[in-house]
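Asks: Okay, here's the structure, questions in a sec.
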Amino acid sequence: MEKAYFLAIDIGASSGRHVIAELDQGEIKLEVIYRFANHPIEKDGSLVWNIDELSFHVIEGLKQAKKLGKCPQSIGIDTFGVDYVCLDSNDQIIGDVYAYRDHRNFAARTAFSQMMNETTQYEITGIQPLVFNTIYQLYADKLSGKLAKARKIMMLPCYLGYYLTGRFQNEYTISSTSGLLNAQTSSWDSQLCGILELDRERFGPMVT
């Protein structure tokens with residue numbers, strides 16, 4: 001019986017790795033086949049991710065799987081929560097991909113709280129309002145004018161999946177870290193999106 005392989009790409013805020021799961025006669029065996037460093041870089045006084053380098057390492061790990069003769073039947077990509085990528089009408093990345101620890105979030109959170117208090121946010125989302133939440137980062141983008149140019153918005157692992165496949169979507173569990181999902185409907189909340197002046201279609205289909 002031919003062996004089956006599955007690939008998990010696990011990306012953290014300091015490193016990443018590709019882990020092959022091998023299904024052999026009912027037994028699952030795990031093997032780390034590729035590792036890489038990952039950390040935010042300082043650019044013009046802000047903390048940002050080197051998205052091109054992350055994309056490069058995703059591909060390099062896939063090449064290693066092929067080199068080992070362990071081409072996966074499926075691939076799953078997981079990253080830290082809250083960070084995201086915005087694409088314009090030409091499917092180009094808009095500006096920098098900010099890291100959740102960037103200082104711009106503090107002013108954005110204060111400004112957003114004038115539009116909706118944190119108790120109401122929690123009642124809608126079930127997510128503790130923290131300064132690095134996606135909703136505050138997007139509000140910072142709104143204040144800077146960046147958000148108005150965005151036609152596709154994807155959480156970071158969903159963007160990396162889009163980079164590989166061209167499939168525009170957001171996955172539910174990572175999206176739940178955004179502070180934008182309604183805990184009752186499991187969809188993007190219209191009131192919160194309204195404050196951001198965002199059409200929910202710009203997040204694409206929600207998948208589970």
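Quick note on naming: the chains in the structure tokens go A, B, ... in the order shown, residues restart at 1 in each chain, and ligands are numbered from 1 in order of appearance.
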Give the alpha helix (DSSP H) residues of chain A, as DSSP finds them on the backbone, and put them as a PyMOL selection string.

Replies: chain A and resi 51-67+104-113+118-125+134-144+156-165+172-175+190-196

Asks: Can you tell me, as a ChimeraX atom specification, what residues are no more than 6 Å from stretch 197-203 of chain A when counting only C-alpha atoms, ignoring any on the same chain fewer than 6 positions away?

Replies: /A:151-153

Asks: Can you spit out the residues from that selection as an mmCIF file, in the first residue's frame, using N, CA and C atoms?

Replies:
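Final output, result_16.cif:
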data_model
loop_
_atom_site.group_PDB
_atom_site.id
_atom_site.type_symbol
_atom_site.label_atom_id
_atom_site.label_comp_id
_atom_site.auth_asym_id
_atom_site.auth_seq_id
_atom_site.Cartn_x
_atom_site.Cartn_y
_atom_site.Cartn_z
ATOM 1 N N ARG A 151 -8.928 45.608 -1.466
ATOM 2 C CA ARG A 151 -10.009 44.860 -2.102
ATOM 3 C C ARG A 151 -10.069 43.425 -1.594
ATOM 4 N N LYS A 152 -8.980 42.939 -1.081
ATOM 5 C CA LYS A 152 -8.939 41.620 -0.456
ATOM 6 C C LYS A 152 -8.175 41.746 0.861
ATOM 7 N N ILE A 153 -8.756 41.210 1.930
ATOM 8 C CA ILE A 153 -8.112 41.213 3.235
ATOM 9 C C ILE A 153 -8.076 39.778 3.740
#

Asks: Please return as an MDAnalysis selection string: the residues of stretch 9-206 of chain A that backbone DSSP assigns to strand (DSSP E).

Replies: chainID A and resid 9:11 15:24 27:37 41:43 46:49 74:79 84:87 97:98 152:155 170:171 181:182 187:188 206

Asks: Could you dump the residues just selected with N, CA and C atoms as a compact mmCIF listing (two decimals), in the first residue's frame?

Replies:
# COMPACT_ATOMS: atom_id res chain seq x y z
N ILE A 9 2.59 23.42 7.94
CA ILE A 9 3.54 24.53 7.96
C ILE A 9 3.20 25.39 9.16
N ASP A 10 4.04 25.33 10.16
CA ASP A 10 3.80 25.96 11.47
C ASP A 10 4.71 27.18 11.59
N ILE A 11 4.11 28.38 11.57
CA ILE A 11 4.90 29.62 11.59
C ILE A 11 4.60 30.40 12.85
N SER A 15 10.10 31.72 14.61
CA SER A 15 10.61 30.66 13.74
C SER A 15 9.45 29.95 13.06
N GLY A 16 9.82 29.15 12.05
CA GLY A 16 8.81 28.35 11.37
C GLY A 16 9.37 26.99 11.04
N ARG A 17 8.49 26.05 10.73
CA ARG A 17 8.94 24.70 10.38
C ARG A 17 7.89 24.02 9.51
N HIS A 18 8.37 23.10 8.69
CA HIS A 18 7.52 22.24 7.88
C HIS A 18 7.58 20.84 8.50
N VAL A 19 6.42 20.31 8.83
CA VAL A 19 6.35 18.99 9.46
C VAL A 19 5.56 18.05 8.55
N ILE A 20 6.19 16.98 8.13
CA ILE A 20 5.52 15.97 7.31
C ILE A 20 4.91 14.91 8.23
N ALA A 21 3.63 14.65 8.00
CA ALA A 21 2.97 13.54 8.67
C ALA A 21 2.85 12.39 7.67
N GLU A 22 3.35 11.26 8.06
CA GLU A 22 3.33 10.08 7.19
C GLU A 22 2.36 9.05 7.75
N LEU A 23 1.41 8.67 6.96
CA LEU A 23 0.46 7.64 7.38
C LEU A 23 0.91 6.31 6.79
N ASP A 24 1.36 5.43 7.66
CA ASP A 24 1.94 4.16 7.23
C ASP A 24 1.29 3.02 8.02
N GLU A 27 -0.42 3.95 11.18
CA GLU A 27 0.40 4.67 12.16
C GLU A 27 0.83 6.02 11.58
N ILE A 28 0.74 7.09 12.41
CA ILE A 28 1.14 8.43 11.98
C ILE A 28 2.54 8.73 12.51
N LYS A 29 3.44 9.09 11.59
CA LYS A 29 4.81 9.44 11.96
C LYS A 29 5.06 10.88 11.54
N LEU A 30 5.68 11.66 12.42
CA LEU A 30 5.95 13.06 12.16
C LEU A 30 7.44 13.29 11.96
N GLU A 31 7.78 14.16 11.00
CA GLU A 31 9.18 14.47 10.72
C GLU A 31 9.29 15.95 10.34
N VAL A 32 10.14 16.68 11.06
CA VAL A 32 10.43 18.07 10.69
C VAL A 32 11.43 18.05 9.54
N ILE A 33 11.03 18.59 8.40
CA ILE A 33 11.89 18.51 7.21
C ILE A 33 12.52 19.86 6.84
N TYR A 34 12.03 20.95 7.46
CA TYR A 34 12.56 22.27 7.10
C TYR A 34 12.29 23.24 8.24
N ARG A 35 13.29 24.05 8.57
CA ARG A 35 13.16 25.08 9.60
C ARG A 35 13.67 26.41 9.07
N PHE A 36 13.12 27.50 9.61
CA PHE A 36 13.60 28.83 9.23
C PHE A 36 13.31 29.82 10.35
N ALA A 37 14.11 30.87 10.38
CA ALA A 37 13.91 31.93 11.36
C ALA A 37 12.85 32.91 10.86
N ILE A 41 10.79 42.98 11.46
CA ILE A 41 11.90 43.88 11.20
C ILE A 41 11.44 45.32 11.39
N GLU A 42 12.37 46.19 11.74
CA GLU A 42 12.03 47.60 11.91
C GLU A 42 12.20 48.32 10.58
N LYS A 43 11.17 49.03 10.18
CA LYS A 43 11.19 49.77 8.93
C LYS A 43 10.49 51.10 9.12
N SER A 46 8.56 51.44 12.27
CA SER A 46 7.47 50.50 12.53
C SER A 46 8.00 49.07 12.52
N LEU A 47 7.23 48.17 13.13
CA LEU A 47 7.57 46.75 13.10
C LEU A 47 6.71 46.07 12.03
N VAL A 48 7.37 45.42 11.09
CA VAL A 48 6.65 44.78 9.98
C VAL A 48 7.22 43.38 9.75
N TRP A 49 6.43 42.55 9.05
CA TRP A 49 6.89 41.22 8.66
C TRP A 49 7.46 41.28 7.25
N SER A 74 -2.09 16.98 1.09
CA SER A 74 -2.72 18.23 1.52
C SER A 74 -1.73 19.02 2.37
N ILE A 75 -1.98 20.31 2.47
CA ILE A 75 -1.10 21.22 3.20
C ILE A 75 -1.96 22.09 4.11
N GLY A 76 -1.53 22.24 5.36
CA GLY A 76 -2.17 23.16 6.28
C GLY A 76 -1.15 24.18 6.76
N ILE A 77 -1.55 25.45 6.82
CA ILE A 77 -0.64 26.52 7.25
C ILE A 77 -1.22 27.18 8.49
N ASP A 78 -0.40 27.28 9.52
CA ASP A 78 -0.82 27.90 10.78
C ASP A 78 0.19 28.97 11.16
N THR A 79 -0.31 30.13 11.60
CA THR A 79 0.56 31.19 12.11
C THR A 79 -0.01 31.71 13.41
N TYR A 84 -2.42 40.24 9.25
CA TYR A 84 -3.17 40.07 8.01
C TYR A 84 -2.44 40.76 6.86
N VAL A 85 -2.96 40.54 5.66
CA VAL A 85 -2.40 41.14 4.45
C VAL A 85 -3.54 41.78 3.66
N CYS A 86 -3.31 42.98 3.15
CA CYS A 86 -4.28 43.68 2.30
C CYS A 86 -3.78 43.71 0.86
N LEU A 87 -4.67 43.38 -0.07
CA LEU A 87 -4.34 43.44 -1.49
C LEU A 87 -5.20 44.50 -2.18
N VAL A 97 3.24 44.78 5.72
CA VAL A 97 2.44 43.88 6.54
C VAL A 97 2.90 44.09 7.98
N TYR A 98 2.11 44.84 8.73
CA TYR A 98 2.52 45.24 10.08
C TYR A 98 2.50 44.06 11.04
N LYS A 152 -8.98 42.94 -1.08
CA LYS A 152 -8.94 41.62 -0.46
C LYS A 152 -8.18 41.75 0.86
N ILE A 153 -8.76 41.21 1.93
CA ILE A 153 -8.11 41.21 3.23
C ILE A 153 -8.08 39.78 3.74
N MET A 154 -6.87 39.28 4.02
CA MET A 154 -6.73 37.90 4.46
C MET A 154 -5.85 37.82 5.71
N MET A 155 -6.26 36.99 6.64
CA MET A 155 -5.40 36.69 7.77
C MET A 155 -4.13 36.05 7.22
N ASN A 170 -10.97 33.24 3.94
CA ASN A 170 -10.47 33.31 5.30
C ASN A 170 -11.01 32.12 6.09
N GLU A 171 -10.14 31.54 6.91
CA GLU A 171 -10.52 30.37 7.69
C GLU A 171 -11.05 30.82 9.05
N LEU A 181 -15.39 38.95 14.40
CA LEU A 181 -16.41 37.94 14.17
C LEU A 181 -17.50 38.03 15.24
N ASN A 182 -18.72 37.89 14.79
CA ASN A 182 -19.85 37.83 15.71
C ASN A 182 -19.93 36.43 16.30
N SER A 187 -19.89 34.91 11.78
CA SER A 187 -19.57 35.63 10.55
C SER A 187 -19.06 37.02 10.91
N TRP A 188 -18.52 37.71 9.91
CA TRP A 188 -18.03 39.06 10.14
C TRP A 188 -19.17 39.95 10.60
N MET A 206 -15.90 32.56 4.05
CA MET A 206 -15.41 32.00 5.30
C MET A 206 -15.44 30.49 5.20

Asks: Report, in Å to a single decimal, how far apart atom CA of A:Thr165 and atom CA of A:Ser55 are.

Replies: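 According to the coordinates, atom CA of A:Ser55 and atom CA of A:Thr165 are separated by 12.4 Å.
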